[in-house]
>>> print(open('final.cif').read())   # mmCIF, C-alpha atoms and all ligand atoms
data_final
#
loop_
_atom_site.label_atom_id
_atom_site.label_comp_id
_atom_site.auth_asym_id
_atom_site.auth_seq_id
_atom_site.Cartn_x
_atom_site.Cartn_y
_atom_site.Cartn_z
CA MET A 1090 11.71 -47.97 -3.68
CA THR A 1091 11.02 -48.30 -7.40
CA LYS A 1092 8.72 -46.50 -9.72
CA ALA A 1093 6.95 -49.78 -10.51
CA ASN A 1094 5.39 -50.34 -7.09
CA THR A 1095 4.79 -46.78 -5.84
CA GLY A 1096 4.65 -44.50 -8.90
CA ILE A 1097 7.40 -42.40 -7.26
CA THR A 1098 10.98 -42.33 -8.50
CA ARG A 1099 13.92 -42.34 -6.11
CA ARG A 1100 14.68 -38.74 -7.11
CA ASP A 1101 11.09 -37.73 -6.38
CA TRP A 1102 11.22 -39.51 -3.08
CA ILE A 1103 14.40 -37.72 -2.01
CA ARG A 1104 12.97 -34.39 -3.15
CA ARG A 1105 9.74 -34.93 -1.25
CA SER A 1106 11.52 -36.14 1.88
CA THR A 1107 13.81 -33.12 1.79
CA LEU A 1108 10.89 -30.75 1.34
CA ALA A 1109 9.04 -32.44 4.17
CA ALA A 1110 12.11 -32.19 6.42
CA VAL A 1111 12.63 -28.53 5.56
CA GLY A 1112 8.92 -27.89 6.08
CA ALA A 1113 8.98 -29.67 9.41
CA THR A 1114 11.82 -27.51 10.73
CA LEU A 1115 10.38 -24.28 9.37
CA LEU A 1116 6.66 -24.64 10.02
CA PRO A 1117 6.73 -24.48 13.83
CA THR A 1118 8.43 -21.07 13.64
CA PHE A 1119 5.38 -19.39 12.09
CA PRO A 1120 3.50 -17.01 12.17
CA LYS A 1121 6.37 -14.64 11.30
CA GLY A 1122 7.66 -16.58 8.31
CA PHE A 1123 11.15 -17.97 8.79
CA SER A 1124 12.38 -15.13 10.96
CA GLN A 1125 13.35 -17.23 13.99
CA ASN A 1126 15.49 -19.49 11.87
CA VAL A 1127 17.28 -16.76 10.00
CA SER A 1128 17.49 -14.02 12.62
CA ASN A 1129 21.16 -14.68 13.28
CA ILE A 1130 22.16 -14.39 9.65
CA ALA A 1131 23.79 -11.07 8.76
CA PRO A 1132 21.80 -8.81 6.42
CA VAL A 1133 22.71 -9.16 2.75
CA HIS A 1134 23.70 -5.48 2.71
CA PRO A 1135 24.66 -3.13 5.59
CA GLU A 1136 21.83 -0.69 4.60
CA LEU A 1137 19.32 -3.42 5.47
CA LYS A 1138 20.15 -3.24 9.16
CA PHE A 1139 17.99 -0.12 9.62
CA ILE A 1140 14.50 -0.31 11.07
CA ASN A 1141 12.39 0.97 8.21
CA LEU A 1142 9.57 3.27 9.29
CA ALA A 1143 9.58 5.12 5.97
CA GLY A 1144 7.67 2.99 3.48
CA ASN A 1145 4.13 2.65 4.89
CA GLU A 1146 4.50 -1.11 4.86
CA ASN A 1147 2.62 -3.40 7.22
CA PRO A 1148 5.01 -5.38 9.47
CA PHE A 1149 2.26 -7.80 10.57
CA GLY A 1150 2.11 -9.51 7.19
CA PRO A 1151 2.33 -11.91 5.54
CA SER A 1152 -0.22 -13.83 7.59
CA ARG A 1153 0.46 -17.40 8.64
CA ASN A 1154 -1.98 -18.74 6.04
CA VAL A 1155 -0.32 -16.71 3.31
CA SER A 1156 3.15 -17.86 4.36
CA LEU A 1157 1.98 -21.48 4.24
CA ALA A 1158 0.41 -20.97 0.80
CA ILE A 1159 3.66 -19.47 -0.49
CA MET A 1160 5.74 -22.36 0.89
CA LYS A 1161 3.39 -24.87 -0.63
CA GLU A 1162 3.66 -23.27 -4.05
CA VAL A 1163 7.39 -22.46 -4.13
CA SER A 1164 8.17 -25.45 -6.32
CA ASN A 1165 5.54 -24.31 -8.87
CA SER A 1166 7.13 -20.90 -9.24
CA CYS A 1167 8.94 -22.19 -12.30
CA ARG A 1168 5.58 -21.50 -14.02
CA TYR A 1169 4.08 -18.30 -15.40
CA PRO A 1170 1.05 -17.36 -13.30
CA PHE A 1171 -1.52 -17.04 -16.13
CA ARG A 1172 -4.21 -19.33 -14.69
CA GLU A 1173 -3.55 -18.12 -11.16
CA GLU A 1174 -3.95 -14.49 -12.26
CA LYS A 1175 -7.32 -15.26 -13.79
CA ILE A 1176 -8.47 -16.90 -10.55
CA LEU A 1177 -7.23 -13.93 -8.52
CA LYS A 1178 -8.97 -11.46 -10.81
CA GLU A 1179 -12.26 -13.37 -10.52
CA MET A 1180 -11.98 -13.47 -6.74
CA ILE A 1181 -11.32 -9.73 -6.56
CA ALA A 1182 -14.24 -9.02 -8.91
CA ARG A 1183 -16.57 -11.08 -6.69
CA LYS A 1184 -15.33 -9.32 -3.57
CA GLU A 1185 -15.78 -5.88 -5.14
CA GLY A 1186 -19.16 -6.70 -6.69
CA VAL A 1187 -18.01 -5.99 -10.26
CA GLN A 1188 -17.08 -8.05 -13.33
CA PRO A 1189 -13.55 -9.36 -14.01
CA GLU A 1190 -13.44 -6.96 -17.00
CA ASN A 1191 -13.52 -4.09 -14.46
CA ILE A 1192 -10.35 -5.28 -12.72
CA VAL A 1193 -6.78 -4.70 -13.86
CA LEU A 1194 -4.00 -6.35 -11.86
CA GLY A 1195 -0.67 -4.55 -11.66
CA ASN A 1196 2.82 -4.99 -10.35
CA GLY A 1197 1.78 -2.95 -7.32
CA CYS A 1198 -0.79 -0.18 -7.59
CA ASP A 1199 2.21 1.90 -8.69
CA GLU A 1200 2.23 0.23 -12.06
CA LEU A 1201 -1.39 1.23 -12.67
CA LEU A 1202 -0.83 4.76 -11.39
CA SER A 1203 2.06 5.01 -13.84
CA ALA A 1204 -0.06 3.64 -16.68
CA ALA A 1205 -2.81 6.16 -15.88
CA GLY A 1206 -0.18 8.93 -15.78
CA ARG A 1207 0.92 7.99 -19.28
CA ILE A 1208 -2.62 7.63 -20.68
CA TYR A 1209 -4.01 10.84 -19.23
CA GLY A 1210 -0.80 12.88 -19.22
CA LYS A 1211 -0.71 13.83 -22.89
CA GLU A 1212 0.84 17.15 -23.86
CA GLY A 1213 -1.66 20.00 -23.67
CA SER A 1214 -3.72 18.31 -20.97
CA ASN A 1215 -3.68 18.99 -17.25
CA ILE A 1216 -4.11 16.90 -14.13
CA VAL A 1217 -5.72 18.38 -11.01
CA ALA A 1218 -4.15 17.16 -7.75
CA THR A 1219 -3.26 18.31 -4.27
CA LYS A 1220 0.22 18.67 -2.78
CA PRO A 1221 1.64 16.95 -0.88
CA THR A 1222 0.13 13.63 -1.82
CA TYR A 1223 1.30 10.39 -3.48
CA LEU A 1224 3.07 11.60 -6.61
CA GLN A 1225 3.48 8.53 -8.84
CA LEU A 1226 0.71 9.37 -11.34
CA MET A 1227 1.54 13.07 -11.59
CA GLU A 1228 5.26 12.44 -12.07
CA LYS A 1229 4.53 10.18 -15.04
CA ALA A 1230 1.99 12.65 -16.47
CA GLU A 1231 4.46 15.53 -16.21
CA HIS A 1232 7.06 13.39 -17.92
CA GLN A 1233 4.62 12.89 -20.82
CA GLY A 1234 4.20 16.66 -21.18
CA ALA A 1235 1.05 17.34 -19.15
CA THR A 1236 0.93 20.09 -16.57
CA VAL A 1237 -0.31 19.57 -13.02
CA ASN A 1238 -2.63 22.06 -11.44
CA TRP A 1239 -1.59 21.71 -7.79
CA ILE A 1240 -4.29 22.73 -5.34
CA PRO A 1241 -3.08 23.39 -1.77
CA HIS A 1242 -4.61 21.66 1.24
CA THR A 1243 -7.29 23.17 3.44
CA ALA A 1244 -6.13 24.50 6.84
CA GLU A 1245 -6.82 20.99 8.28
CA MET A 1246 -4.40 19.48 5.73
CA LYS A 1247 -7.24 17.85 3.77
CA HIS A 1248 -8.07 17.83 0.07
CA ASP A 1249 -9.70 21.13 -0.83
CA LEU A 1250 -12.41 19.47 -2.91
CA GLU A 1251 -14.24 22.70 -3.61
CA SER A 1252 -11.15 24.38 -5.15
CA MET A 1253 -10.27 21.17 -7.00
CA GLN A 1254 -13.72 21.11 -8.57
CA GLU A 1255 -13.33 24.74 -9.65
CA ALA A 1256 -9.89 24.01 -11.11
CA ILE A 1257 -11.26 21.49 -13.64
CA ASP A 1258 -11.24 23.03 -17.11
CA SER A 1259 -11.76 21.75 -20.65
CA ASN A 1260 -8.15 20.45 -20.79
CA THR A 1261 -8.33 18.53 -17.52
CA SER A 1262 -7.85 14.89 -18.41
CA LEU A 1263 -7.86 13.52 -14.85
CA VAL A 1264 -8.24 14.45 -11.18
CA TYR A 1265 -6.18 12.47 -8.63
CA ILE A 1266 -7.52 12.08 -5.09
CA CYS A 1267 -5.95 9.91 -2.43
CA ASN A 1268 -8.39 9.08 0.41
CA PRO A 1269 -7.07 8.63 3.12
CA ASP A 1270 -4.23 10.78 1.84
CA THR A 1271 -0.52 10.42 2.37
CA PRO A 1272 1.51 11.83 4.11
CA THR A 1273 -1.24 13.39 6.24
CA GLY A 1274 -3.54 10.37 6.74
CA THR A 1275 -6.50 12.77 6.58
CA MET A 1276 -9.78 11.89 4.88
CA ARG A 1277 -12.70 13.62 3.29
CA SER A 1278 -16.10 12.16 4.11
CA PHE A 1279 -17.80 9.51 2.00
CA GLU A 1280 -20.54 11.98 0.99
CA SER A 1281 -18.15 14.75 -0.05
CA ILE A 1282 -16.01 12.40 -2.20
CA LYS A 1283 -19.11 10.87 -3.75
CA SER A 1284 -20.62 14.21 -4.65
CA PHE A 1285 -17.22 15.43 -5.96
CA CYS A 1286 -16.93 12.39 -8.25
CA GLU A 1287 -20.51 12.67 -9.47
CA THR A 1288 -19.94 16.28 -10.56
CA ALA A 1289 -16.37 15.88 -11.81
CA GLY A 1290 -17.25 12.61 -13.55
CA LYS A 1291 -19.45 14.53 -15.99
CA LYS A 1292 -16.37 16.43 -17.21
CA THR A 1293 -13.33 14.23 -16.68
CA THR A 1294 -11.89 11.02 -15.19
CA VAL A 1295 -11.14 10.71 -11.46
CA PHE A 1296 -8.43 8.42 -10.05
CA LEU A 1297 -9.46 7.65 -6.49
CA ASP A 1298 -6.51 6.10 -4.68
CA GLU A 1299 -8.01 3.99 -1.87
CA VAL A 1300 -4.93 1.98 -0.94
CA TYR A 1301 -5.16 3.04 2.73
CA LEU A 1302 -8.94 2.80 2.98
CA GLU A 1303 -8.79 -0.86 4.05
CA PHE A 1304 -7.36 0.22 7.42
CA LEU A 1305 -10.80 1.55 8.29
CA GLU A 1306 -12.96 -0.79 10.33
CA ASN A 1307 -16.02 0.18 8.29
CA PHE A 1308 -14.14 -0.01 4.99
CA GLU A 1309 -17.07 -1.46 3.02
CA ASN A 1310 -19.16 1.63 3.81
CA GLU A 1311 -16.40 4.01 2.78
CA THR A 1312 -15.30 2.76 -0.63
CA GLN A 1313 -16.66 4.50 -3.71
CA VAL A 1314 -16.72 1.32 -5.80
CA ASN A 1315 -20.44 1.85 -6.31
CA LEU A 1316 -19.62 4.76 -8.63
CA VAL A 1317 -17.80 2.34 -10.93
CA ARG A 1318 -20.83 0.04 -10.87
CA GLU A 1319 -22.89 3.04 -11.96
CA GLY A 1320 -20.56 3.54 -14.93
CA LEU A 1321 -18.90 6.83 -13.91
CA PRO A 1322 -15.37 7.42 -15.27
CA ILE A 1323 -13.79 6.62 -11.91
CA ILE A 1324 -10.65 4.50 -11.40
CA ILE A 1325 -10.26 3.10 -7.91
CA GLY A 1326 -6.76 2.06 -6.86
CA ARG A 1327 -6.12 -0.73 -4.34
CA SER A 1328 -3.03 -2.51 -3.10
CA PHE A 1329 -2.00 -5.74 -1.39
CA SER A 1330 0.93 -3.80 0.10
CA LYS A 1331 -0.98 -2.16 2.93
CA MET A 1332 -3.67 -3.95 4.97
CA HIS A 1333 -2.64 -7.34 3.49
CA GLY A 1334 1.03 -6.78 4.44
CA LEU A 1335 2.41 -7.99 1.10
CA ALA A 1336 4.39 -4.97 -0.18
CA GLY A 1337 7.32 -7.10 -1.33
CA HIS A 1338 5.06 -9.15 -3.57
CA ARG A 1339 4.10 -6.08 -5.65
CA ILE A 1340 0.42 -6.61 -6.31
CA GLY A 1341 -2.22 -3.95 -6.73
CA TYR A 1342 -5.30 -3.48 -8.84
CA THR A 1343 -7.74 -0.98 -10.23
CA ILE A 1344 -11.52 -1.11 -10.45
CA ALA A 1345 -12.85 0.91 -13.36
CA PRO A 1346 -15.41 0.83 -16.18
CA LYS A 1347 -14.61 -1.66 -18.96
CA GLU A 1348 -13.21 0.80 -21.55
CA ILE A 1349 -10.91 2.46 -19.01
CA SER A 1350 -9.77 -0.94 -17.74
CA GLU A 1351 -8.94 -1.99 -21.29
CA SER A 1352 -6.75 1.05 -21.84
CA LEU A 1353 -4.96 0.51 -18.49
CA GLU A 1354 -4.44 -3.15 -19.37
CA HIS A 1355 -2.99 -2.13 -22.72
CA GLU A 1356 -0.71 0.54 -21.21
CA LYS A 1357 0.75 -1.41 -18.30
CA ASN A 1358 4.18 -2.74 -19.06
CA SER A 1359 5.12 -5.46 -16.64
CA SER A 1360 3.59 -8.65 -15.36
CA LEU A 1361 2.93 -10.28 -12.01
CA ASN A 1362 5.05 -12.84 -10.22
CA TYR A 1363 3.82 -16.32 -9.36
CA LEU A 1364 4.27 -16.23 -5.59
CA GLY A 1365 2.81 -12.75 -5.38
CA VAL A 1366 -0.37 -13.97 -7.06
CA ILE A 1367 -0.51 -16.97 -4.72
CA ALA A 1368 0.04 -14.71 -1.71
CA ALA A 1369 -2.70 -12.28 -2.76
CA THR A 1370 -5.16 -15.11 -3.47
CA ALA A 1371 -4.55 -16.69 -0.05
CA SER A 1372 -4.72 -13.31 1.66
CA LEU A 1373 -8.12 -12.47 0.18
CA ARG A 1374 -9.56 -15.45 2.06
CA ASP A 1375 -7.87 -14.56 5.35
CA SER A 1376 -10.45 -12.30 6.99
CA GLU A 1377 -9.08 -13.10 10.47
CA PHE A 1378 -5.76 -11.58 9.47
CA HIS A 1379 -7.52 -8.50 8.06
CA LYS A 1380 -9.10 -7.87 11.47
CA LEU A 1381 -5.80 -8.46 13.24
CA SER A 1382 -3.95 -6.19 10.85
CA VAL A 1383 -6.40 -3.30 11.31
CA ARG A 1384 -6.42 -3.77 15.10
CA LYS A 1385 -2.63 -3.90 15.44
CA ILE A 1386 -2.06 -0.89 13.21
CA THR A 1387 -4.72 1.11 15.08
CA GLU A 1388 -3.19 0.18 18.43
CA GLY A 1389 0.32 1.13 17.26
CA ARG A 1390 -0.93 4.39 15.78
CA ASN A 1391 -2.84 5.35 18.96
CA LYS A 1392 0.16 4.57 21.12
CA PHE A 1393 2.47 6.65 18.94
CA CYS A 1394 -0.01 9.54 19.00
CA GLY A 1395 0.02 9.27 22.82
CA LEU A 1396 3.79 9.79 22.73
CA LEU A 1397 3.40 12.79 20.42
CA GLN A 1398 0.93 14.30 22.89
CA GLU A 1399 3.37 13.71 25.73
CA LEU A 1400 6.07 15.46 23.67
CA ASN A 1401 3.70 18.27 22.73
CA LEU A 1402 4.18 17.66 19.00
CA SER A 1403 1.13 18.27 16.82
CA TYR A 1404 -0.02 15.67 14.31
CA THR A 1405 -2.83 15.15 11.83
CA PRO A 1406 -5.60 12.61 12.61
CA SER A 1407 -4.46 9.64 10.53
CA HIS A 1408 -6.63 6.90 9.06
CA GLY A 1409 -3.67 5.07 7.51
CA ASN A 1410 -0.78 2.98 8.85
CA PHE A 1411 1.34 6.07 9.46
CA VAL A 1412 1.31 9.36 11.34
CA PHE A 1413 2.42 12.78 10.07
CA HIS A 1414 3.72 14.99 12.86
CA TYR A 1415 5.49 18.25 13.56
CA THR A 1416 9.11 18.04 14.66
CA GLY A 1417 10.29 21.67 14.41
CA ILE A 1418 13.47 20.25 12.81
CA PRO A 1419 14.15 20.45 9.04
CA ILE A 1420 13.21 17.01 7.72
CA GLU A 1421 16.65 16.21 6.24
CA ALA A 1422 18.30 16.94 9.64
CA PHE A 1423 15.62 14.89 11.42
CA GLN A 1424 16.15 11.95 9.02
CA LYS A 1425 19.88 12.15 9.79
CA LYS A 1426 19.30 12.15 13.56
CA MET A 1427 17.11 9.08 13.26
CA LYS A 1428 19.44 7.30 10.86
CA GLU A 1429 22.23 7.73 13.44
CA ARG A 1430 19.89 5.82 15.77
CA ASN A 1431 19.25 3.12 13.12
CA PHE A 1432 15.84 4.25 11.88
CA LEU A 1433 14.66 5.23 8.41
CA VAL A 1434 11.82 7.76 8.58
CA GLY A 1435 9.65 9.45 5.97
CA ARG A 1436 11.04 11.63 3.21
CA PRO A 1437 10.50 15.40 2.73
CA PHE A 1438 6.92 16.39 1.91
CA PRO A 1439 7.13 20.05 0.96
CA PRO A 1440 5.78 22.52 1.99
CA TYR A 1441 5.75 20.77 5.42
CA ASP A 1442 9.50 20.86 5.85
CA LEU A 1443 9.37 20.68 9.66
CA TRP A 1444 7.13 17.60 9.67
CA CYS A 1445 7.86 13.90 9.44
CA ARG A 1446 5.82 10.84 8.40
CA ILE A 1447 6.31 7.70 10.48
CA SER A 1448 4.99 4.34 9.31
CA ILE A 1449 3.66 2.17 12.15
CA GLY A 1450 6.10 -0.67 12.81
CA SER A 1451 5.84 -3.75 15.01
CA PRO A 1452 5.36 -3.14 18.78
CA LYS A 1453 9.07 -3.82 19.35
CA GLU A 1454 10.14 -1.44 16.56
CA MET A 1455 7.81 1.25 17.93
CA GLU A 1456 9.11 0.77 21.45
CA LEU A 1457 12.67 1.30 20.20
CA TYR A 1458 11.57 4.25 18.10
CA SER A 1459 9.79 5.85 21.08
CA SER A 1460 13.09 5.74 22.99
CA ALA A 1461 14.79 7.47 20.05
CA MET A 1462 12.06 10.13 20.04
CA LEU A 1463 12.54 10.72 23.77
CA GLN A 1464 16.29 11.09 23.22
CA VAL A 1465 15.80 13.61 20.43
CA PHE A 1466 13.01 15.65 22.00
CA LYS A 1467 13.69 15.37 25.72
CA GLY A 1468 17.36 14.49 25.76
CA LYS A 1469 16.39 11.29 27.62
CA ARG A 1470 18.42 8.13 27.30
CA GLY A 1471 16.24 5.34 25.87
C1 LIG B 1 -1.25 6.42 -1.84
C2 LIG B 1 -0.47 5.30 -2.41
N1 LIG B 1 -0.89 4.73 -3.55
C3 LIG B 1 -0.22 3.71 -4.10
C4 LIG B 1 0.92 3.22 -3.52
C5 LIG B 1 1.66 2.11 -4.21
O1 LIG B 1 1.23 0.89 -3.74
P1 LIG B 1 1.89 -0.47 -4.29
O2 LIG B 1 2.82 -0.95 -3.24
O3 LIG B 1 0.71 -1.36 -4.51
O4 LIG B 1 2.59 -0.15 -5.56
C6 LIG B 1 1.40 3.78 -2.34
C7 LIG B 1 2.63 3.26 -1.72
O5 LIG B 1 3.07 3.62 -0.67
C8 LIG B 1 0.68 4.84 -1.77
O6 LIG B 1 1.12 5.44 -0.64
#
>>> encode(input="final.cif", output="structure tokens")
Amino acid sequence: MTKANTGITRRDWIRRSTLAAVGATLLPTFPKGFSQNVSNIAPVHPELKFINLAGNENPFGPSRNVSLAIMKEVSNSCRYPFREEKILKEMIARKEGVQPENIVLGNGCDELLSAAGRIYGKEGSNIVATKPTYLQLMEKAEHQGATVNWIPHTAEMKHDLESMQEAIDSNTSLVYICNPDTPTGTMRSFESIKSFCETAGKKTTVFLDEVYLEFLENFENETQVNLVREGLPIIIGRSFSKMHGLAGHRIGYTIAPKEISESLEHEKNSSLNYLGVIAATASLRDSEFHKLSVRKITEGRNKFCGLLQELNLSYTPSHGNFVFHYTGIPIEAFQKKMKERNFLVGRPFPPYDLWCRISIGSPKEMELYSSAMLQVFKGKRG
């Protein structure tokens, strides 16, 4: 075969044939990526042998369509993703009903939480937040010299919005609210968050972390993105790590008024990766997977709560892909017991030192974990 009669060089032809052959052997093993082909290969590090129920990841991703999109684009990952990022940002803006100037893409939502922590965490200012919750923003703010006014939970382990509102003073630069919250999974109602933001937004900025909100079946009715459309100083945080099942690709975004978005864009200090952008773009179109993801997580969560009931262990009503439950065992000792059984479970969340957060794994992982729970709490052999 010569370039003259086909337009393809011999090198191209070999490359394409090889890719086709590799594709042909790998494709039938979907939907779970390449797992069937590589399952017999030893982990790259002994630590990786553990079943990880600690990170609130979504084991059902990436979807088949996303995996195919990634494979198709692998050979283009020698490129910077500038054009692809622009396309992704426009798609997100359309989905959220805002302008692209309202969207900032980050290397995970973490990057944007960190940027907000640096912007609003100046010395002399304070951040109002609850504890325990997701700490990324507050840690960065404290590092910058701000103080954090920690407001304890209500008796139901929910945000005490009334006390948080009262805690806002003239030095409060930001309020952080995670809804649904972690580790508890609890939520405050749409109306109470809305009215909190409308009042607080007259005095300060609110970071509303909605990364777990997409696990709700009626997600569109629960997001507060409308407040951004109305021009309130609200930053909404979202992630492709949760419902989309793309944690390893590190993509998140914020939705905020233009001036706030500009300062977040200016403050962020890393960039996105090509295949992550491709994965997120393909995942946005994959509404079938979104339904599947929500259904599977809800099923796994309900089943695990059934086990907790059987074991008489109390838990909070979770709206996320995790459950926070009482163990009666100091968390470090409980982590050790589970690690001996090959599981990684959630970290300490003081002051709930006798509680543990479990991320919902695949049905097989949860079946194995249920046996471990029975061993620990009933002395049963799994
Ligand atoms: C409440 C909350 N916000 C943000 C993040 C970070 O998300 P990302 O993976 O997009 O950085 C997490 C991660 O677990 C989280 O629990």
>>> residues_around(input="final.cif", residues="Ala1143 (chain A)", least_positions_apart="5", cutoff="12 Å", atoms="all atoms listed in the file", output="PDB file with C-alpha atoms, in the frame of the given file")
ATOM      1  CA  PRO A1148       5.010  -5.380   9.470  1.00  0.00           C
ATOM      2  CA  THR A1271      -0.520  10.420   2.370  1.00  0.00           C
ATOM      3  CA  PRO A1272       1.510  11.830   4.110  1.00  0.00           C
ATOM      4  CA  ASN A1410      -0.780   2.980   8.850  1.00  0.00           C
ATOM      5  CA  PHE A1411       1.340   6.070   9.460  1.00  0.00           C
ATOM      6  CA  VAL A1412       1.310   9.360  11.340  1.00  0.00           C
ATOM      7  CA  PHE A1413       2.420  12.780  10.070  1.00  0.00           C
ATOM      8  CA  GLN A1424      16.150  11.950   9.020  1.00  0.00           C
ATOM      9  CA  MET A1427      17.110   9.080  13.260  1.00  0.00           C
ATOM     10  CA  LYS A1428      19.440   7.300  10.860  1.00  0.00           C
ATOM     11  CA  PHE A1432      15.840   4.250  11.880  1.00  0.00           C
ATOM     12  CA  LEU A1433      14.660   5.230   8.410  1.00  0.00           C
ATOM     13  CA  VAL A1434      11.820   7.760   8.580  1.00  0.00           C
ATOM     14  CA  GLY A1435       9.650   9.450   5.970  1.00  0.00           C
ATOM     15  CA  ARG A1436      11.040  11.630   3.210  1.00  0.00           C
ATOM     16  CA  PRO A1437      10.500  15.400   2.730  1.00  0.00           C
ATOM     17  CA  CYS A1445       7.860  13.900   9.440  1.00  0.00           C
ATOM     18  CA  ARG A1446       5.820  10.840   8.400  1.00  0.00           C
ATOM     19  CA  ILE A1447       6.310   7.700  10.480  1.00  0.00           C
ATOM     20  CA  SER A1448       4.990   4.340   9.310  1.00  0.00           C
ATOM     21  CA  ILE A1449       3.660   2.170  12.150  1.00  0.00           C
ATOM     22  CA  GLY A1450       6.100  -0.670  12.810  1.00  0.00           C
TER      23      GLY A1450
END
>>> residues_near_ligand(input="final.cif", ligand="ligand LIG 1 (chain B)", cutoff="6 Å", atoms="all atoms listed in the file", output="list in words")
Asn1145, Gly1197, Cys1198, Asp1199, Tyr1223, Cys1267, Thr1271, Asp1298, Val1300, Ser1328, Ser1330, Ala1336, Arg1339, Ile1340 and Gly1341 of chain A
>>> residues_around(input="final.cif", residues="Arg1277 (chain A)", least_positions_apart="2", cutoff="7 Å", atoms="all atoms listed in the file", output="PyMOL selection string")
chain A and resi 1247+1268+1279+1281-1282
>>> residues_around(input="final.cif", residues="region 1156-1163 of chain A", least_positions_apart="5", cutoff="7 Å", atoms="all atoms listed in the file", output="count of residues only")
6
>>> closest_residue(input="final.cif", among="A:Lys1283, A:Thr1387, A:His1338, A:Arg1327", to="Glu1311 (chain A)", atoms="only C-alpha atoms")
A:Lys1283
>>> closest_residue(input="final.cif", among="A:Leu1142, A:Leu1361, A:Leu1463, A:Met1332", to="Glu1173 (chain A)", atoms="all atoms listed in the file")
A:Leu1361
>>> closest_residue(input="final.cif", among="A:Ser1259, A:Asn1391, A:Tyr1363, A:Ile1418", to="Arg1168 (chain A)", atoms="all atoms listed in the file")
A:Tyr1363
>>> atom_distance(input="final.cif", atom1="CA of Phe1149 (chain A)", atom2="CA of Ser1382 (chain A)")
6.4 Å
>>> closest_residue(input="final.cif", among="A:Ser1152, A:His1414, A:Pro1132, A:Ile1208", to="Glu1354 (chain A)", atoms="all atoms listed in the file")
A:Ile1208
>>> atom_distance(input="final.cif", atom1="CA of Lys1426 (chain A)", atom2="CA of Ile1386 (chain A)")
25.0 Å
>>> atom_distance(input="final.cif", atom1="CA of Lys1380 (chain A)", atom2="CA of Ile1344 (chain A)")
23.1 Å
>>> closest_residue(input="final.cif", among="A:Glu1348, A:Glu1146, A:Glu1399, A:Glu1185", to="Ile1325 (chain A)", atoms="only C-alpha atoms")
A:Glu1185
>>> closest_residue(input="final.cif", among="A:Ser1214, A:Thr1243, A:Gly1409, A:Glu1377", to="Glu1299 (chain A)", atoms="only C-alpha atoms")
A:Gly1409
>>> residues_around(input="final.cif", residues="region 1240-1242 of chain A", least_positions_apart="5", cutoff="6 Å", atoms="all atoms listed in the file", output="VMD selection string")
chain A and resid 1219 to 1220 1247 to 1249
>>> residues_around(input="final.cif", residues="Val1383 (chain A)", least_positions_apart="5", cutoff="9 Å", atoms="only C-alpha atoms", output="VMD selection string")
chain A and resid 1303 to 1306 1332 1378 1388 1410
>>> residues_near_point(input="final.cif", point="(-4.0, 1.9, -8.2)", cutoff="6 Å", atoms="only C-alpha atoms", output="count of residues only")
7
>>> closest_atom_pairs(input="final.cif", of="region 1175-1274 of chain A", to="region 1289-1296 of chain A", cutoff="8 Å", atoms="all atoms listed in the file", output="Markdown table")
| residue | atom | partner | partner_atom | distance |
| --- | --- | --- | --- | --- |
| A:Gln1254 | CA | A:Ala1289 | CA | 6.7 |
| A:Ile1257 | CA | A:Ala1289 | CA | 7.8 |
| A:Ser1259 | CA | A:Lys1292 | CA | 7.8 |
| A:Thr1261 | CA | A:Thr1293 | CA | 6.6 |
| A:Ser1262 | CA | A:Thr1293 | CA | 5.8 |
| A:Leu1263 | CA | A:Thr1294 | CA | 4.8 |
| A:Val1264 | CA | A:Val1295 | CA | 4.7 |
| A:Tyr1265 | CA | A:Phe1296 | CA | 4.8 |
| A:Ile1266 | CA | A:Phe1296 | CA | 6.2 |
>>> residues_near_point(input="final.cif", point="(-20.7, 2.9, -10.7)", cutoff="12 Å", atoms="all atoms listed in the file", output="list in words")
Glu1185, Gly1186, Val1187, Gln1188, Asn1191, Lys1283, Cys1286, Glu1287, Gly1290, Thr1312, Gln1313, Val1314, Asn1315, Leu1316, Val1317, Arg1318, Glu1319, Gly1320, Leu1321, Pro1322, Ile1323, Ile1324, Ile1325, Ile1344, Ala1345, Pro1346 and Lys1347 of chain A
>>> decode(input="final.cif", residues="region 1203-1207 of chain A", atoms="N, CA, C and O atoms", output="PDB file, in the first residue's frame")
ATOM      1  N   SER A1203     -10.589  25.430  46.884  1.00  0.00           N
ATOM      2  CA  SER A1203      -9.303  25.964  47.355  1.00  0.00           C
ATOM      3  C   SER A1203      -9.135  27.414  46.919  1.00  0.00           C
ATOM      4  O   SER A1203      -8.710  28.267  47.706  1.00  0.00           O
ATOM      5  N   ALA A1204      -9.479  27.682  45.655  1.00  0.00           N
ATOM      6  CA  ALA A1204      -9.344  29.061  45.150  1.00  0.00           C
ATOM      7  C   ALA A1204     -10.238  29.997  45.960  1.00  0.00           C
ATOM      8  O   ALA A1204      -9.806  31.086  46.376  1.00  0.00           O
ATOM      9  N   ALA A1205     -11.477  29.547  46.241  1.00  0.00           N
ATOM     10  CA  ALA A1205     -12.386  30.386  47.039  1.00  0.00           C
ATOM     11  C   ALA A1205     -11.816  30.585  48.444  1.00  0.00           C
ATOM     12  O   ALA A1205     -11.886  31.687  49.000  1.00  0.00           O
ATOM     13  N   GLY A1206     -11.226  29.528  49.007  1.00  0.00           N
ATOM     14  CA  GLY A1206     -10.616  29.641  50.338  1.00  0.00           C
ATOM     15  C   GLY A1206      -9.530  30.701  50.358  1.00  0.00           C
ATOM     16  O   GLY A1206      -9.401  31.473  51.308  1.00  0.00           O
ATOM     17  N   ARG A1207      -8.758  30.768  49.274  1.00  0.00           N
ATOM     18  CA  ARG A1207      -7.678  31.765  49.220  1.00  0.00           C
ATOM     19  C   ARG A1207      -8.244  33.173  49.001  1.00  0.00           C
ATOM     20  O   ARG A1207      -7.779  34.135  49.592  1.00  0.00           O
TER      21      ARG A1207
END
